[in-house]
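In what follows, a structure is listed as structure tokens, so that the remarks can point back to it.
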Amino acid sequence: MSTPSAIYSNPSTTKHFTINKTDKHTTNGKTTGPSQFVLDAGIIDKDQPSTPNQTYLGDLRSQVTTLQDDLNEFLTERMQRENSIGKEEEWEKTLLDGGE
Amino acid sequence: MVSLDNFVKPGQKSYIAIGLEGSANKLGVGIIRHKLGDLSQDNRAEVLSNIRDTYITPPGEGFLPRDTARHHRNWVVRLIKNSIKDAGIKPSELDCICFTKGPGMGAPLQSVVIAARTLSQLWNLPLIGVNHCIGHIEMGREITGAWNPVVLYVSGGNTQVIAYSNQRYRIFGETLDIAIGNCLDRFARTLKIPNDPSPGYNIEQLAKKGSKYIELPYTVKGMDLSMSGILAYIDQLANDLFNKNYSNKFVFNKETKEPNFTIEDLCFSLQETLFAMLVEITERAMAHVNTTQVLIVGGVGCNERLQKMMELMVLDRNGSIYATDERFCIDNGIMIAHAGLLEYRMGQKFEFKDTVCTQKFRTDEVLVRWRD
């Protein structure tokens, strides 16, 4: 059976995301849990995904969760980098032009 | 008279639809059966299953789109399985899959649309996108038997007075800012009372213990109303009461420093003021369209005090009031199944690319093909 894959592309970059079948995959993703805001508010998480069963669809659920994690981490890192570039430009502008 | 069976398949005796609702913090799945022929008191829609799971946040917190969407994503398959089991049918017996197209919160709506689209491909069934407000109205009419009422639609996200005319549910009056349920929910957050089973229900229970009416701003503007100013005002009173701000002479007695009212009195006063405003615009809409029926739908419609106040006004006009209990008032999947099935029976079809959701979708945008 094939595994899920994803492609992210924009004018400057293209990235392929694939799944390694031999790795262990679960439906509890690193980036698909409750938000930090509700965790800080003391929520008891009753909305976890069910554990996958040992079928093709069960495996697919786990693999898609891993794929989603990889994509989320990639995009978050990308956004943070763009933000920091923006901040550097802002800082440079403040230094050179007095913020005008 | 509109016929609902122009598109019936040969040999078909009834229609069955599944409805998925998730425009806010409730995820609902319902399955409905319509027999052939027009819906009437002798040919009622049959509710085969109607289940719901609510995303509940800690006291003092509202529900955020991201976490609400996660709740829906992680529960939707389990709810659909239970719903099919409850109904005692096989997916192959379904005629169509109905989902909430809007209005609502973007991320939760999307989670449910994706589930509906997946099922549609898995089971090879057509999809019907349903306006959430139309779902409330049609289910309210079906359950109560109200034929042509003025509809008061009151919930966490909507406050509208609606009447039917020329194949549209037309909005006669509505909120200019926040919805009534939002006003009550946010006051519940200020009071830090539990969100279980719902903040509005807990305010209603506190209000029953209140007796002193505190005058609040009364903001009816023609056929519309405004509630954000009332909320800001009552929030300030509650905060002063909590923080023991003795300098506020309205809240505390100057000499004894005893509070002039309680939290229960505030809940009572908020309900009385908001509901009086609703009754006023509903009465005016009744006079406009010359009807004696009022149907209350939406989550706030469960509030017994609102039902009572509306009843007093309606009885004065020799009319009848119609309301449903929490199974059908609060967001549910069965209303989406019912309204979607009416659309389906009129031959409405959606291309797969059009089966998307939208946060803004006004009640009067829908052409009501199934009524004269």
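Identifiers for the structure tokens are assigned positionally: chains receive A, B, ... in sequence, residues are indexed from 1 per chain, and ligands are indexed from 1 in the order shown.
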What are the nearest atom pairs, with distances in Å to one decimal, for all residues of chain A that come at most 8 Å from chain B, using only C-alpha atoms, set out by chain and rising residue number as CSV?
```
residue,atom,partner,partner_atom,distance
A:Thr32,CA,B:Arg70,CA,7.7
A:Gly33,CA,B:Arg70,CA,7.9
A:Pro34,CA,B:Asp67,CA,6.0
A:Ser35,CA,B:Asp67,CA,6.6
A:Val38,CA,B:Thr57,CA,7.9
A:Ala41,CA,B:Pro58,CA,6.9
A:Gly42,CA,B:Pro58,CA,7.0
A:Ile43,CA,B:Pro58,CA,6.0
A:Asp47,CA,B:His71,CA,5.4
A:Gln48,CA,B:Asn74,CA,6.5
A:Pro49,CA,B:Asn74,CA,4.9
A:Ser50,CA,B:Asn74,CA,7.4
```
>> At a cut-off of 9 Å, using only C-alpha atoms, what residues contact Leu71 (chain A)? Leave out same-chain residues fewer than 5 positions from it and give the result as number ranges by chain.
In response: A: 6, 8, 17, 66, 76
>> If you run DSSP on the backbone here, which positions in region 196-309 of chain B get helix (DSSP H, G or I)? Please write them as a ChimeraX atom specification.
In response: /B:199-209,228-242,263-289,299-302,304-309
> Between A:Thr13, A:Thr27, A:Thr3, A:Gln36, which is the closest to Gly58 (chain A) once you count only C-alpha atoms?
Replying inline: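 For Gly58 (chain A), the nearest of the given residues is A:Thr27.
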> Near Ile334 (chain B), within 7 Å and counting only C-alpha atoms, which residues show up once chain neighbours fewer than 5 positions away are dropped, as a PyMOL selection string?
Replying inline: chain B and resi 19+29-32+50
> Neighbours of Ala107 (chain B) within 7 Å (only C-alpha atoms; same-chain residues fewer than 4 positions away dropped), as a list in words?
Replying inline: Pro65, Arg66, Ala69 and Ser111 of chain B
> Counting only C-alpha atoms, what is within 10 Å of His338 (chain B), bar same-chain residues fewer than 5 positions away, as a PyMOL selection string?
Replying inline: chain B and resi 16-19+30-34+45-47+98+130+134-136+138-139+142+333+343-344
> So what do you get for CA of Gly145 (chain B) versus CA of Lys35 (chain B), distance-wise?
Replying inline: 16.7 Å
>> Using Å and a single decimal, report how far CA of Glu264 (chain B) sits from CA of Gly210 (chain B).
In response: 4.4 Å
> Neighbours of region 289-300 of chain B within 9 Å (only C-alpha atoms; same-chain residues fewer than 5 positions away dropped), as a ChimeraX atom specification?
Replying inline: /B:133,136-137,139-141,144,146-156,158-159,163-164,180-181,200-201,282,284,306-307,310-311,314,317-324,326,328-331
>> Residues within 8 Å of Leu225 (chain B), please, as a list of chain:residue names. Count only C-alpha atoms; anything in the same chain fewer than 5 positions from it doesn't count.
In response: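 My list of contacting residues is B:Gly173, B:Glu174, B:Thr175, B:Leu176, B:Thr219, B:Val220, B:Met277.
One finds CA of Asn303 (chain B) at 17.4 Å from CA of Ser211 (chain B).
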